[in-house]
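A.B. asks: Dropping a structure here in structure tokens format, bear with me for questions.
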Amino acid sequence: MFDLDRYIEDCRAAIAHGEDGQKAIREITARAVADHGAVLRTLGEPAGGGLVALHRSPELTILNVVWQPKMTVMPHNHETWAVIGVYTGAEDNIFWRKLPGGKIEAAGAKSLRVGDCTALGRDIVHSVTNPIGKLTGAIHVYRGDFFDIERSEWDPEALDERPYDLEKAKSMFAAAAR
Ligand SMILES: [Fe+2]
């Protein structure tokens with residue numbers, strides 16, 4: 001079984017005493033989603049898109065991220081590291097490289113399927129699509145308070161940098177649910 005309280009405690013322990021924690025949290029999360037059926041039973045079958053905080057502190061944020069079918073989030077950065085573990089569905093990532101002047105160009109891709117776990121460095125710029133016709137659920141862990149970090153997004157057509165708009169991002173997840 002997947003014990004959510006234990007998982008959160010293990011993640012918090014990994015950053016105790018000011019440790020960076022990413023490597024340990026990647027291992028903890030990879031182990032969790034290797035048994036994705038157990039994670040699904042504990043978190044529940046996704047019922048609608050959203051960003052649900054399972055844990056939030058100034059040091060660490062753990063989200064249950066549910067992507068609507070075929071939903072895409074524009075290129076953005078996090079200004080902190082991340083660990084992502086998919087427990088149902090799929091996330092397709094495009095990674096972008098910053099160019100002088102603020103624009104970006106595509107630099108690589110990574111597909112995550114159920115049971116996959118990956119770590120993103122703090123300088124990563126990515127866009128994410130749920131490529132399938134059903135809800136995708138993933139655990140996302142961020143060092144720091146995900147909801148209180150100044151960061152950037154890039155217009156998906158012009159690829160110009162602008163401040164990240166958290167409220168718009170939240171409403172995208174919610175709007176896709178309607
Ligand atoms: Fe992201």
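Each chain of the structure tokens is named A, B, ... in the order shown, its residues numbered from 1; ligands are numbered from 1 in display order.
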Taking only C-alpha atoms and all ligand atoms into account, which residues are within 7 Å of ligand 1, as a CSV table (one decimal) with C-alpha atoms, in the first residue's frame?
C.D. replies:
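File result.csv, as written:
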```
chain,number,residue,atom,x,y,z
A,76,HIS,CA,7.5,27.8,-18.0
A,77,ASN,CA,10.3,27.5,-15.5
A,78,HIS,CA,10.1,26.8,-11.7
A,126,HIS,CA,9.4,22.9,-20.1
A,127,SER,CA,6.0,22.7,-21.6
```
A.B. asks: List every residue of chain A that DSSP, applied to the backbone, labels as strand (DSSP E), and write the result as a PyMOL selection string.
C.D. replies: chain A and resi 50-56+60-67+72-77+82-88+90-98+104-113+117-120+125-129+136-143+152-154+161-163
A.B. asks: Between stretch 81-124 of chain A and stretch 4-21 of chain A, at 12 Å or less, what are the per-residue closest atom pairs and their distances in Å? Count only C-alpha atoms, order by chain and rising residue number, and return it as CSV.
C.D. replies:
```
residue,atom,partner,partner_atom,distance
A:Trp81,CA,A:Asp20,CA,9.3
A:Ala82,CA,A:Gly21,CA,10.5
A:Val83,CA,A:Gly21,CA,10.4
A:Ala119,CA,A:Gly21,CA,11.4
A:Gly121,CA,A:Asp20,CA,11.7
A:Arg122,CA,A:Asp20,CA,11.5
```
A.B. asks: Suppose we keep N, CA, C and O atoms; can you now write the selection as a short mmCIF file (atom, residue, chain, number, x, y, z; two decimals), in the first residue's frame?
C.D. replies:
```
data_model
loop_
_atom_site.label_atom_id
_atom_site.label_comp_id
_atom_site.auth_asym_id
_atom_site.auth_seq_id
_atom_site.Cartn_x
_atom_site.Cartn_y
_atom_site.Cartn_z
N TRP A 81 14.19 23.02 -8.08
CA TRP A 81 14.14 21.69 -8.67
C TRP A 81 12.77 21.04 -8.51
O TRP A 81 11.97 21.47 -7.66
N ALA A 82 12.53 20.01 -9.30
CA ALA A 82 11.27 19.29 -9.22
C ALA A 82 11.53 17.79 -9.36
O ALA A 82 12.52 17.38 -9.96
N VAL A 83 10.61 17.01 -8.80
CA VAL A 83 10.58 15.56 -9.02
C VAL A 83 9.15 15.23 -9.41
O VAL A 83 8.20 15.70 -8.77
N ALA A 119 13.55 13.68 -12.56
CA ALA A 119 13.98 14.85 -11.78
C ALA A 119 14.30 15.98 -12.75
O ALA A 119 14.92 15.75 -13.79
N GLY A 121 16.07 19.79 -13.11
CA GLY A 121 16.97 20.76 -12.49
C GLY A 121 16.32 22.13 -12.36
O GLY A 121 15.29 22.40 -12.98
N ARG A 122 16.93 23.00 -11.57
CA ARG A 122 16.27 24.27 -11.27
C ARG A 122 16.25 25.23 -12.45
O ARG A 122 15.47 26.18 -12.44
#
```
A.B. asks: Fewer than 3 positions away in the same chain doesn't count, so skip those; otherwise give me all residues within 10 Å of A:Glu45, counting only C-alpha atoms, as a PyMOL selection string.
C.D. replies: chain A and resi 39-42+48+88+135-137
A.B. asks: Export, as a CSV table (one decimal), in the first residue's frame, the selected residues with all heavy atoms.
C.D. replies:
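Result file selection.csv:
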```csv
chain,number,residue,atom,x,y,z
A,39,VAL,N,-0.6,3.8,-5.3
A,39,VAL,CA,-0.7,5.3,-5.3
A,39,VAL,C,-2.1,5.7,-5.7
A,39,VAL,O,-2.8,6.5,-5.0
A,39,VAL,CB,0.3,6.0,-6.1
A,39,VAL,CG1,0.1,7.5,-6.1
A,39,VAL,CG2,1.7,5.6,-5.6
A,40,LEU,N,-2.6,5.1,-6.8
A,40,LEU,CA,-4.0,5.4,-7.3
A,40,LEU,C,-5.0,5.1,-6.2
A,40,LEU,O,-6.0,5.9,-6.0
A,40,LEU,CB,-4.2,4.6,-8.6
A,40,LEU,CG,-5.5,4.9,-9.3
A,40,LEU,CD1,-5.5,6.4,-9.8
A,40,LEU,CD2,-5.6,4.0,-10.5
A,41,ARG,N,-4.9,3.9,-5.6
A,41,ARG,CA,-5.9,3.6,-4.6
A,41,ARG,C,-5.9,4.6,-3.4
A,41,ARG,O,-6.9,4.9,-2.9
A,41,ARG,CB,-5.6,2.2,-4.1
A,41,ARG,CG,-6.1,1.1,-5.0
A,41,ARG,CD,-6.1,-0.3,-4.4
A,41,ARG,NE,-4.7,-0.8,-4.1
A,41,ARG,CZ,-3.9,-1.3,-5.0
A,41,ARG,NH1,-4.3,-1.4,-6.2
A,41,ARG,NH2,-2.7,-1.7,-4.6
A,42,THR,N,-4.7,5.0,-3.0
A,42,THR,CA,-4.6,6.0,-1.9
A,42,THR,C,-5.1,7.4,-2.3
A,42,THR,O,-5.9,8.0,-1.5
A,42,THR,CB,-3.1,6.1,-1.4
A,42,THR,OG1,-2.8,4.8,-0.9
A,42,THR,CG2,-3.0,7.1,-0.3
A,48,GLY,N,-11.2,15.1,-11.7
A,48,GLY,CA,-11.2,16.4,-12.4
A,48,GLY,C,-9.8,17.1,-12.3
A,48,GLY,O,-9.1,16.8,-11.4
A,88,THR,N,-0.9,7.6,-13.0
A,88,THR,CA,-1.9,7.2,-14.0
A,88,THR,C,-1.8,8.1,-15.2
A,88,THR,O,-1.6,9.3,-15.0
A,88,THR,CB,-3.3,7.1,-13.4
A,88,THR,OG1,-4.2,6.6,-14.4
A,88,THR,CG2,-3.8,8.5,-13.0
A,135,LEU,N,-7.9,11.4,-18.0
A,135,LEU,CA,-7.1,12.2,-17.0
A,135,LEU,C,-5.8,11.6,-16.6
A,135,LEU,O,-5.7,10.3,-16.6
A,135,LEU,CB,-7.9,12.3,-15.7
A,135,LEU,CG,-9.3,13.0,-15.7
A,135,LEU,CD1,-10.1,12.7,-14.5
A,135,LEU,CD2,-9.0,14.5,-15.8
A,136,THR,N,-4.8,12.4,-16.4
A,136,THR,CA,-3.5,11.9,-16.0
A,136,THR,C,-3.2,12.4,-14.6
A,136,THR,O,-3.6,13.6,-14.3
A,136,THR,CB,-2.4,12.5,-16.9
A,136,THR,OG1,-2.3,11.7,-18.1
A,136,THR,CG2,-1.0,12.4,-16.3
A,137,GLY,N,-2.7,11.6,-13.7
A,137,GLY,CA,-2.4,12.0,-12.3
A,137,GLY,C,-0.9,11.8,-12.1
A,137,GLY,O,-0.3,10.7,-12.4
```
A.B. asks: What's the 10 Å shell around A:Leu159, counting only C-alpha atoms, without same-chain residues fewer than 2 positions away, as a ChimeraX atom specification?
C.D. replies: /A:74-75,102-105,153-157,161-162
A.B. asks: Print the selection's residues with C-alpha atoms to a file, as a PDB file, in the first residue's frame.
C.D. replies:
```pdb
ATOM      1  CA  MET A  74       2.774  26.560 -22.010  1.00  0.00           C
ATOM      2  CA  PRO A  75       6.556  26.715 -21.527  1.00  0.00           C
ATOM      3  CA  GLY A 102      14.535  36.122 -23.750  1.00  0.00           C
ATOM      4  CA  LYS A 103      13.079  33.796 -26.375  1.00  0.00           C
ATOM      5  CA  ILE A 104      13.435  30.019 -26.258  1.00  0.00           C
ATOM      6  CA  GLU A 105      13.956  27.162 -28.697  1.00  0.00           C
ATOM      7  CA  GLU A 153       6.330  31.572 -18.626  1.00  0.00           C
ATOM      8  CA  TRP A 154       6.703  31.941 -22.376  1.00  0.00           C
ATOM      9  CA  ASP A 155       3.933  32.828 -24.789  1.00  0.00           C
ATOM     10  CA  PRO A 156       3.288  29.544 -26.613  1.00  0.00           C
ATOM     11  CA  GLU A 157       3.034  31.226 -30.016  1.00  0.00           C
ATOM     12  CA  GLU A 161       9.166  35.554 -21.772  1.00  0.00           C
ATOM     13  CA  ARG A 162       6.752  37.088 -19.278  1.00  0.00           C
TER      14      ARG A 162
END
```
A.B. asks: So which residues touch A:Gly50 within 9 Å, counting only C-alpha atoms, skipping near sequence neighbours fewer than 2 positions away, as a list of chain:residue names?
C.D. replies: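 The contact residues come out as A:Gly48, A:Val52, A:Asn64, A:Val65, A:Val66, A:Trp67, A:Gln68, A:Lys170, A:Ser171, A:Met172, A:Phe173, A:Ala174, A:Ala177.
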A.B. asks: Could the residues in this selection be written to a file with C-alpha atoms, as a PDB file, in the first residue's frame?
C.D. replies:
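Full text of part14.pdb as output:
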```
ATOM      1  CA  GLY A  48     -11.188  16.402 -12.413  1.00  0.00           C
ATOM      2  CA  VAL A  52      -4.001  19.847  -5.041  1.00  0.00           C
ATOM      3  CA  ASN A  64      -1.284  15.935  -6.722  1.00  0.00           C
ATOM      4  CA  VAL A  65      -1.452  17.267 -10.288  1.00  0.00           C
ATOM      5  CA  VAL A  66      -4.355  16.055 -12.410  1.00  0.00           C
ATOM      6  CA  TRP A  67      -4.206  16.884 -16.103  1.00  0.00           C
ATOM      7  CA  GLN A  68      -7.317  17.041 -18.217  1.00  0.00           C
ATOM      8  CA  LYS A 170      -4.919  27.377 -11.860  1.00  0.00           C
ATOM      9  CA  SER A 171      -7.869  28.506 -13.976  1.00  0.00           C
ATOM     10  CA  MET A 172      -6.483  26.548 -16.960  1.00  0.00           C
ATOM     11  CA  PHE A 173      -6.661  23.369 -14.918  1.00  0.00           C
ATOM     12  CA  ALA A 174     -10.127  24.312 -13.666  1.00  0.00           C
ATOM     13  CA  ALA A 177     -12.574  20.571 -16.226  1.00  0.00           C
TER      14      ALA A 177
END
```
A.B. asks: Go ahead and compute the interatomic distance for atom CA of A:Ile124 and atom CA of A:His36, in Å to one decimal.
C.D. replies: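 Spanning atom CA of A:Ile124 to atom CA of A:His36 is a straight-line distance of 25.8 Å.
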A.B. asks: So how many Å separate atom CA of A:Ala109 and atom CA of A:Pro163, to one decimal?
C.D. replies: 23.6 Å
A.B. asks: Select, from A:Glu167, A:Glu91, A:Asp116, A:Glu59, the residue with the minimum atom-to-atom distance to A:Arg31, counting only C-alpha atoms.
C.D. replies: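 Under the stated criterion, the closest residue is A:Asp116.
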A.B. asks: Can you work out which one of A:Ala24, A:Val33, A:Ile94, A:Ala138 has the shortest atom-to-atom distance to A:Asp3, counting only C-alpha atoms?
C.D. replies: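 Looking only at the distances to A:Asp3, the closest residue turns out to be A:Val33.
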A.B. asks: DSSP on the backbone: which residues in stretch 45-171 of chain A end up as helix (DSSP H, G or I)? Give the answer as a ChimeraX atom specification.
C.D. replies: /A:146-148,166-171
A.B. asks: Taking only C-alpha atoms into account, name the residue in A:Leu51, A:Val141, A:Val128, A:Val73 that is nearest to A:Ile25.
C.D. replies: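 Once distances to A:Ile25 are computed over only C-alpha atoms, the minimum belongs to A:Val141.
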